[in-house]
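As structure tokens, the structure follows; a few thoughts come after it.
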Amino acid sequence: MSKLGNIGARLYRGEVGYDFIGKRKIWYGISILITITAIVGLAVRGLNMGIEFSGGAVFTTPPTSVSAPKAQHEAESASGGHQAVVQKLGSGALRIQISGLDTKQAVPVQEELAKDLNIPVQDVNTQLVGPSWGEEIANKAWLGLGIFMVLVVIYLAIAFEWRMALAALIALIHDLTITVGVYALVGFEVTPGTVIGLLTILGYSLYDTVVVFDSLKEASKDLTKQTRFTYGEIANRSINSTLVRSINTTVVALLPVAGLLFVGGGFLGAGMLNDISLALFVGLAAGAYSSIFIATPLVADLKGREPQIKALAKRVKAKRAAAAAKDAGQEDTEEPAPATADAEDGTAVVGPRQQPASRNRGRGRPSGKRR
């Protein structure tokens, strides 16, 4: 068996483990710090909404030697200061997005771009996206997200309990906030592909959380009928028993996404892959983190407020205290007596002095018939 497999087996059997529940306040603090950073970035920089949401025009040129920075400068000058996003395609063509342009403004901008880039006007392809269409797409995305959240809460409340449903919902909001905040800080464009990526990571994060919850539900059956473990300890064992599985699943999922983001978007220049790959990469990592460090510790906190769980914790503590006192008493009673020396041979003996059998034979009533 491999070393990782051996560790996983020992974690599953409870022979080793990390105290996730006991150190939950540390992870809560880290999550709060990351979330605040994401919210501040979102408030200060905002999201770079794609043309599909804000409306505008997309101009595609034939292969040209003009660089992307120069084309961006010319596009912003031709559009009267509108923000332009330029991508160099693999064929050498340019894809120029200019937000906020309507139909009347698009034609003069097309002519000006063709003139500045030294390209025939008829070779510049133009596509217009109305702001109403982008608004409709955004509203449908929010509606789909809301329906997804409601269905998740209902399902988890039925399959498990409302505390687990609430913890899973908080973990999902945590993952969404971090992913959106990273988009704001990095400045990547938000497109429909981004929305698809967000919905995908929510499903993945939920899957990882449900795996831990299922293990916890199975391990906590008839929990109050025993006095060996508290609910927090059972929750901690559930996390550790599924830890290696969660890590393996996350690493396997992140490898192809990292290829899309860093190789495809970074080295090969396929910028259109960035919108979905960044959402997947950040969301998958945040989802794995939240399912281990946020969701299950929150369940342990919520369950710990129940009267029967509090009573169980007191019984477990009392039993352990009694066992410790009993062990201490046994150690005191079993303490060896001082050594004494035998009168005849001088050897040290422990405890009460025992009379040798040969010495006892000569003592007592003499044998023989009584006269």
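Ligands are numbered from 1 in the order shown, chains are lettered A, B, ... in the order of the structure tokens, and residues start at 1 in each chain.
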Item to complete: Write out as a PyMOL selection string each polymer residue whose atoms come within 12 Å of Lys25 of chain A, counting only C-alpha atoms; drop sequence neighbours fewer than 3 positions from it.
Response: chain A and resi 19-22+28-32+293-294+297-298+301
Hey, can you spit out that residue selection with N, CA and C atoms as a CSV table (one decimal), in the first residue's frame?
```
chain,number,residue,atom,x,y,z
A,19,ASP,N,-7.4,18.0,14.5
A,19,ASP,CA,-8.5,18.5,15.3
A,19,ASP,C,-9.1,19.7,14.5
A,20,PHE,N,-9.9,19.4,13.5
A,20,PHE,CA,-10.6,20.5,12.7
A,20,PHE,C,-11.6,21.2,13.6
A,21,ILE,N,-12.4,20.5,14.4
A,21,ILE,CA,-13.4,21.1,15.2
A,21,ILE,C,-12.8,21.9,16.3
A,22,GLY,N,-11.8,21.4,17.0
A,22,GLY,CA,-11.2,22.1,18.1
A,22,GLY,C,-10.5,23.4,17.6
A,28,TYR,N,-12.3,29.9,10.9
A,28,TYR,CA,-13.3,30.9,10.8
A,28,TYR,C,-12.7,32.3,10.6
A,29,GLY,N,-11.6,32.6,11.4
A,29,GLY,CA,-11.0,33.9,11.2
A,29,GLY,C,-10.3,34.0,9.8
A,30,ILE,N,-9.7,32.9,9.3
A,30,ILE,CA,-9.1,33.0,8.0
A,30,ILE,C,-10.2,33.2,6.9
A,31,SER,N,-11.3,32.6,7.0
A,31,SER,CA,-12.4,32.7,6.1
A,31,SER,C,-13.0,34.1,6.1
A,32,ILE,N,-13.2,34.7,7.3
A,32,ILE,CA,-13.7,36.0,7.5
A,32,ILE,C,-12.7,37.0,6.8
A,293,PHE,N,-13.4,22.9,6.4
A,293,PHE,CA,-13.1,23.9,7.4
A,293,PHE,C,-14.3,24.7,7.9
A,294,ILE,N,-15.3,24.8,7.1
A,294,ILE,CA,-16.4,25.7,7.4
A,294,ILE,C,-17.7,24.9,7.6
A,297,PRO,N,-17.7,22.1,10.8
A,297,PRO,CA,-17.6,22.8,12.1
A,297,PRO,C,-18.8,23.7,12.4
A,298,LEU,N,-19.4,24.3,11.4
A,298,LEU,CA,-20.7,25.0,11.7
A,298,LEU,C,-21.8,24.1,12.2
A,301,ASP,N,-21.1,23.4,15.8
A,301,ASP,CA,-21.5,24.5,16.6
A,301,ASP,C,-23.0,24.6,16.8
```
Just list the residues in segment 70-293 of chain A DSSP gives strand (DSSP E) on the backbone, as a tab-separated table (two decimals) with N, CA and C atoms, in the first residue's frame.
```tsv
chain	number	residue	atom	x	y	z
A	84	ALA	N	-12.30	49.76	-24.14
A	84	ALA	CA	-12.13	48.73	-25.16
A	84	ALA	C	-11.30	47.59	-24.61
A	85	VAL	N	-11.68	46.38	-24.97
A	85	VAL	CA	-10.95	45.17	-24.60
A	85	VAL	C	-10.51	44.49	-25.88
A	86	VAL	N	-9.20	44.30	-26.05
A	86	VAL	CA	-8.65	43.76	-27.29
A	86	VAL	C	-7.98	42.42	-26.99
A	87	GLN	N	-8.29	41.42	-27.78
A	87	GLN	CA	-7.68	40.11	-27.66
A	87	GLN	C	-7.05	39.72	-28.99
A	88	LYS	N	-5.82	39.22	-28.89
A	88	LYS	CA	-5.12	38.74	-30.07
A	88	LYS	C	-5.46	37.27	-30.26
A	94	LEU	N	-7.66	40.29	-34.61
A	94	LEU	CA	-7.95	41.02	-33.39
A	94	LEU	C	-9.45	40.98	-33.11
A	95	ARG	N	-9.79	40.80	-31.86
A	95	ARG	CA	-11.18	40.86	-31.40
A	95	ARG	C	-11.28	42.04	-30.46
A	96	ILE	N	-12.02	43.05	-30.88
A	96	ILE	CA	-12.10	44.31	-30.15
A	96	ILE	C	-13.51	44.48	-29.61
A	97	GLN	N	-13.62	44.56	-28.30
A	97	GLN	CA	-14.92	44.77	-27.65
A	97	GLN	C	-14.98	46.19	-27.11
A	98	ILE	N	-16.03	46.90	-27.45
A	98	ILE	CA	-16.22	48.26	-26.98
A	98	ILE	C	-17.60	48.33	-26.34
A	99	SER	N	-17.64	48.59	-25.05
A	99	SER	CA	-18.91	48.62	-24.32
A	99	SER	C	-19.60	49.97	-24.50
A	125	ASN	N	-15.51	42.77	-39.31
A	125	ASN	CA	-16.82	42.21	-38.96
A	125	ASN	C	-17.34	42.87	-37.68
A	126	THR	N	-18.62	43.23	-37.68
A	126	THR	CA	-19.22	43.93	-36.55
A	126	THR	C	-20.42	43.15	-36.02
A	127	GLN	N	-20.46	42.99	-34.69
A	127	GLN	CA	-21.59	42.37	-34.01
A	127	GLN	C	-22.04	43.29	-32.89
A	128	LEU	N	-23.36	43.55	-32.84
A	128	LEU	CA	-23.92	44.44	-31.83
A	128	LEU	C	-24.68	43.63	-30.79
A	129	VAL	N	-24.49	44.01	-29.54
A	129	VAL	CA	-25.20	43.38	-28.41
A	129	VAL	C	-25.92	44.48	-27.66
A	189	GLU	N	-12.80	39.56	-17.25
A	189	GLU	CA	-14.12	39.91	-17.77
A	189	GLU	C	-15.15	38.86	-17.36
A	190	VAL	N	-16.31	39.34	-16.95
A	190	VAL	CA	-17.41	38.47	-16.56
A	190	VAL	C	-18.29	38.23	-17.79
```
Item to complete: Name the residues in contact with segment 306-309 of chain A at a cut-off of 12 Å, using only C-alpha atoms, excluding same-chain residues fewer than 2 positions from it; report them as a ChimeraX atom specification.
Response: /A:163,220,222-227,229-234,299-304,311-316
Worksheet item: Using only C-alpha atoms, which residues sit within 7 Å of Ser291 of chain A once same-chain residues fewer than 4 positions away are excluded, as a list in words?
Response: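 So, after excluding close chain neighbours, the residues are Ser205, Asp208, Thr209, Gly287, Ala295 and Thr296 of chain A.
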Only C-alpha atoms, please: the residues just picked out, written as a PDB file, in the first residue's frame.
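Output saved as out-v7.pdb:
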```
ATOM      1  CA  SER A 205     -18.772  22.258  -3.485  1.00  0.00           C
ATOM      2  CA  ASP A 208     -17.955  17.490  -1.337  1.00  0.00           C
ATOM      3  CA  THR A 209     -19.981  18.817   1.601  1.00  0.00           C
ATOM      4  CA  GLY A 287     -15.352  24.579  -2.255  1.00  0.00           C
ATOM      5  CA  ALA A 295     -19.509  23.483   6.754  1.00  0.00           C
ATOM      6  CA  THR A 296     -18.939  20.634   9.221  1.00  0.00           C
TER       7      THR A 296
END
```
Worksheet item: Leaving out segment 34-38 of chain A and any residue of its chain fewer than 3 positions from it, which residues lie within 8 Å of it when counting only C-alpha atoms, given as a list in words?
Response: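 Once the adjacent positions are removed, what remains is Ile30, Ser31, Gly41, Leu42, His174, Thr177, Ile178, Val180, Gly181, Val182, Ala184 and Leu185 of chain A.
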Next, dump the selected residues to file, keeping only N, CA and C atoms, as a tab-separated table (two decimals), in the first residue's frame.
```tsv
chain	number	residue	atom	x	y	z
A	30	ILE	N	-9.72	32.94	9.32
A	30	ILE	CA	-9.13	33.01	7.98
A	30	ILE	C	-10.20	33.25	6.92
A	31	SER	N	-11.32	32.56	7.04
A	31	SER	CA	-12.41	32.73	6.07
A	31	SER	C	-12.99	34.13	6.13
A	41	GLY	N	-12.55	44.33	-2.40
A	41	GLY	CA	-12.16	44.38	-3.81
A	41	GLY	C	-13.35	44.57	-4.73
A	42	LEU	N	-14.46	43.93	-4.39
A	42	LEU	CA	-15.67	44.09	-5.20
A	42	LEU	C	-16.23	45.49	-5.09
A	174	HIS	N	-20.15	31.51	0.92
A	174	HIS	CA	-18.72	31.74	1.15
A	174	HIS	C	-17.92	31.51	-0.13
A	177	THR	N	-18.78	34.29	-2.78
A	177	THR	CA	-18.20	35.60	-2.44
A	177	THR	C	-16.71	35.64	-2.76
A	178	ILE	N	-16.00	34.58	-2.40
A	178	ILE	CA	-14.56	34.55	-2.67
A	178	ILE	C	-14.30	34.56	-4.18
A	180	VAL	N	-16.23	35.66	-6.70
A	180	VAL	CA	-16.58	36.96	-7.28
A	180	VAL	C	-15.56	38.01	-6.87
A	181	GLY	N	-15.11	37.95	-5.62
A	181	GLY	CA	-14.10	38.92	-5.17
A	181	GLY	C	-12.79	38.77	-5.92
A	182	VAL	N	-12.38	37.53	-6.20
A	182	VAL	CA	-11.16	37.32	-6.98
A	182	VAL	C	-11.33	37.89	-8.39
A	184	ALA	N	-13.10	40.45	-9.20
A	184	ALA	CA	-12.97	41.90	-9.09
A	184	ALA	C	-11.51	42.32	-8.92
A	185	LEU	N	-10.75	41.58	-8.10
A	185	LEU	CA	-9.36	41.95	-7.85
A	185	LEU	C	-8.49	41.72	-9.08
```
Worksheet item: Would you give me, as a VMD selection string, the residues in segment 61-292 of chain A that DSSP reads as helix (DSSP H, G or I)?
Response: chain A and resid 68 to 78 103 to 116 121 to 123 131 to 159 162 to 186 192 to 219 223 to 225 231 to 241 243 to 267 271 to 292
Worksheet item: Taking into account only C-alpha atoms, which residue in the set A:Gly56, A:Asn236, A:Ala325, A:Ser290 is nearest to Leu169 of chain A?
Response: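 For Leu169 of chain A, the nearest of the given residues is A:Ser290.
With atom CA of Val40 of chain A on one side and atom CA of Phe148 of chain A on the other, the separation reads 26.2 Å.
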